[in-house]
Amino acid sequence: MPDFDLMVSGSLAILDPLTERARKWVANNIGPGNGYQPYYPAVLCEHRYLDDILEALFAADFTFER
């Protein structure tokens with residue numbers, strides 16, 4: 001099972017944590033108060049932030065489903 005589901009649409013992306021480890025990473029590194037997060041723990045972000053988030057997740061050996 002992948003750790004995250006990544007959905008990219010238009011100018012936004014939703015990164016949905018699917019495992020407990022992924023949810024903990026989101027809580028520790030992004031949190032519910034970081035911008036507008038109506039789907040928390042799923043993370044809503046603009047493309048300009050997505051590369052940095054994905055680099056950190058790849059470095060931590062998370063897996064993705066697209």
# chains A, B, ... in the order shown; residues from 1 in each chain; ligands from 1
>>> residues_around(residues="A:Arg21", least_positions_apart="6", cutoff="12 Å", atoms="only C-alpha atoms", output="PyMOL selection string")
chain A and resi 2-4+27-28+57+60-63
>>> write_last_selection(atoms="C-alpha atoms", output="PDB file, in the first residue's frame")
ATOM      1  CA  PRO A   2       1.394   3.434  -0.880  1.00  0.00           C
ATOM      2  CA  ASP A   3       1.880   6.027   1.851  1.00  0.00           C
ATOM      3  CA  PHE A   4       0.273   8.895  -0.068  1.00  0.00           C
ATOM      4  CA  ALA A  27       1.110  16.468  11.383  1.00  0.00           C
ATOM      5  CA  ASN A  28       4.773  17.117  12.228  1.00  0.00           C
ATOM      6  CA  LEU A  57       8.813  12.857   1.226  1.00  0.00           C
ATOM      7  CA  ALA A  60      12.032  10.019   3.901  1.00  0.00           C
ATOM      8  CA  ASP A  61      11.310   6.992   1.647  1.00  0.00           C
ATOM      9  CA  PHE A  62       7.555   7.476   1.299  1.00  0.00           C
ATOM     10  CA  THR A  63       5.706   5.865  -1.619  1.00  0.00           C
TER      11      THR A  63
END
>>> residues_around(residues="A:Gly10", least_positions_apart="2", cutoff="10 Å", atoms="only C-alpha atoms", output="PDB file with N, CA and C atoms, in the first residue's frame")
ATOM      1  N   VAL A   8      -3.408  15.760  -8.679  1.00  0.00           N
ATOM      2  CA  VAL A   8      -3.040  17.065  -9.217  1.00  0.00           C
ATOM      3  C   VAL A   8      -4.130  17.500 -10.181  1.00  0.00           C
ATOM      4  N   LEU A  12      -3.831  23.297  -8.250  1.00  0.00           N
ATOM      5  CA  LEU A  12      -3.739  22.756  -6.902  1.00  0.00           C
ATOM      6  C   LEU A  12      -3.431  21.264  -6.914  1.00  0.00           C
ATOM      7  N   ALA A  13      -2.891  20.807  -5.804  1.00  0.00           N
ATOM      8  CA  ALA A  13      -2.635  19.387  -5.601  1.00  0.00           C
ATOM      9  C   ALA A  13      -3.162  19.003  -4.231  1.00  0.00           C
ATOM     10  N   GLU A  46      -0.548  24.552  -3.413  1.00  0.00           N
ATOM     11  CA  GLU A  46      -0.292  25.093  -4.738  1.00  0.00           C
ATOM     12  C   GLU A  46       0.945  24.404  -5.317  1.00  0.00           C
ATOM     13  N   HIS A  47       1.037  24.394  -6.629  1.00  0.00           N
ATOM     14  CA  HIS A  47       2.163  23.727  -7.303  1.00  0.00           C
ATOM     15  C   HIS A  47       3.515  24.304  -6.897  1.00  0.00           C
TER      16      HIS A  47
END
>>> residues_around(residues="A:Pro41", least_positions_apart="5", cutoff="9 Å", atoms="only C-alpha atoms", output="CSV table (one decimal) with C-alpha atoms, in the first residue's frame")
chain,number,residue,atom,x,y,z
A,15,LEU,CA,-1.6,15.0,-1.0
A,16,ASP,CA,-3.7,12.4,1.0
A,17,PRO,CA,-1.8,10.4,3.6
A,23,ARG,CA,-0.3,11.1,8.8
A,26,VAL,CA,1.9,15.5,7.8
A,27,ALA,CA,1.1,16.5,11.4
A,31,GLY,CA,-0.1,20.6,10.3
A,32,PRO,CA,-3.7,21.7,10.1
>>> atom_distance(atom1="atom CA of A:Pro38", atom2="atom CA of A:Leu18")
17.0 Å
>>> select_by_dssp(residues="chain A", states="helix (DSSP H, G or I)", output="PyMOL selection string")
chain A and resi 20-29+47-59
>>> write_last_selection(atoms="C-alpha atoms", output="short mmCIF file (atom, residue, chain, number, x, y, z; two decimals), in the first residue's frame")
data_model
loop_
_atom_site.label_atom_id
_atom_site.label_comp_id
_atom_site.auth_asym_id
_atom_site.auth_seq_id
_atom_site.Cartn_x
_atom_site.Cartn_y
_atom_site.Cartn_z
CA GLU A 20 -0.25 6.15 9.96
CA ARG A 21 3.40 7.00 9.27
CA ALA A 22 2.31 9.40 6.51
CA ARG A 23 -0.30 11.05 8.75
CA LYS A 24 2.34 11.57 11.44
CA TRP A 25 4.68 13.15 8.89
CA VAL A 26 1.93 15.54 7.77
CA ALA A 27 1.11 16.47 11.38
CA ASN A 28 4.77 17.12 12.23
CA ASN A 29 5.81 18.89 9.02
CA HIS A 47 2.16 23.73 -7.30
CA ARG A 48 4.86 26.18 -6.20
CA TYR A 49 5.11 24.27 -2.89
CA LEU A 50 4.62 20.76 -4.21
CA ASP A 51 8.20 20.11 -5.38
CA ASP A 52 9.65 20.93 -1.95
CA ILE A 53 7.10 18.74 -0.19
CA LEU A 54 7.69 15.83 -2.58
CA GLU A 55 11.48 16.12 -2.22
CA ALA A 56 11.14 15.84 1.56
CA LEU A 57 8.81 12.86 1.23
CA PHE A 58 11.11 11.07 -1.24
CA ALA A 59 14.05 11.67 1.12
#
>>> residues_around(residues="A:Arg66", least_positions_apart="5", cutoff="8 Å", atoms="only C-alpha atoms", output="number ranges by chain")
A: 5-7
>>> write_last_selection(atoms="N, CA and C atoms", output="PDB file, in the first residue's frame")
ATOM      1  N   ASP A   5      -1.562   9.321  -1.544  1.00  0.00           N
ATOM      2  CA  ASP A   5      -2.237   9.434  -2.832  1.00  0.00           C
ATOM      3  C   ASP A   5      -2.059  10.884  -3.263  1.00  0.00           C
ATOM      4  N   LEU A   6      -1.544  11.098  -4.463  1.00  0.00           N
ATOM      5  CA  LEU A   6      -1.306  12.445  -4.978  1.00  0.00           C
ATOM      6  C   LEU A   6      -2.281  12.713  -6.113  1.00  0.00           C
ATOM      7  N   MET A   7      -3.090  13.753  -5.944  1.00  0.00           N
ATOM      8  CA  MET A   7      -4.042  14.161  -6.973  1.00  0.00           C
ATOM      9  C   MET A   7      -3.681  15.580  -7.406  1.00  0.00           C
TER      10      MET A   7
END
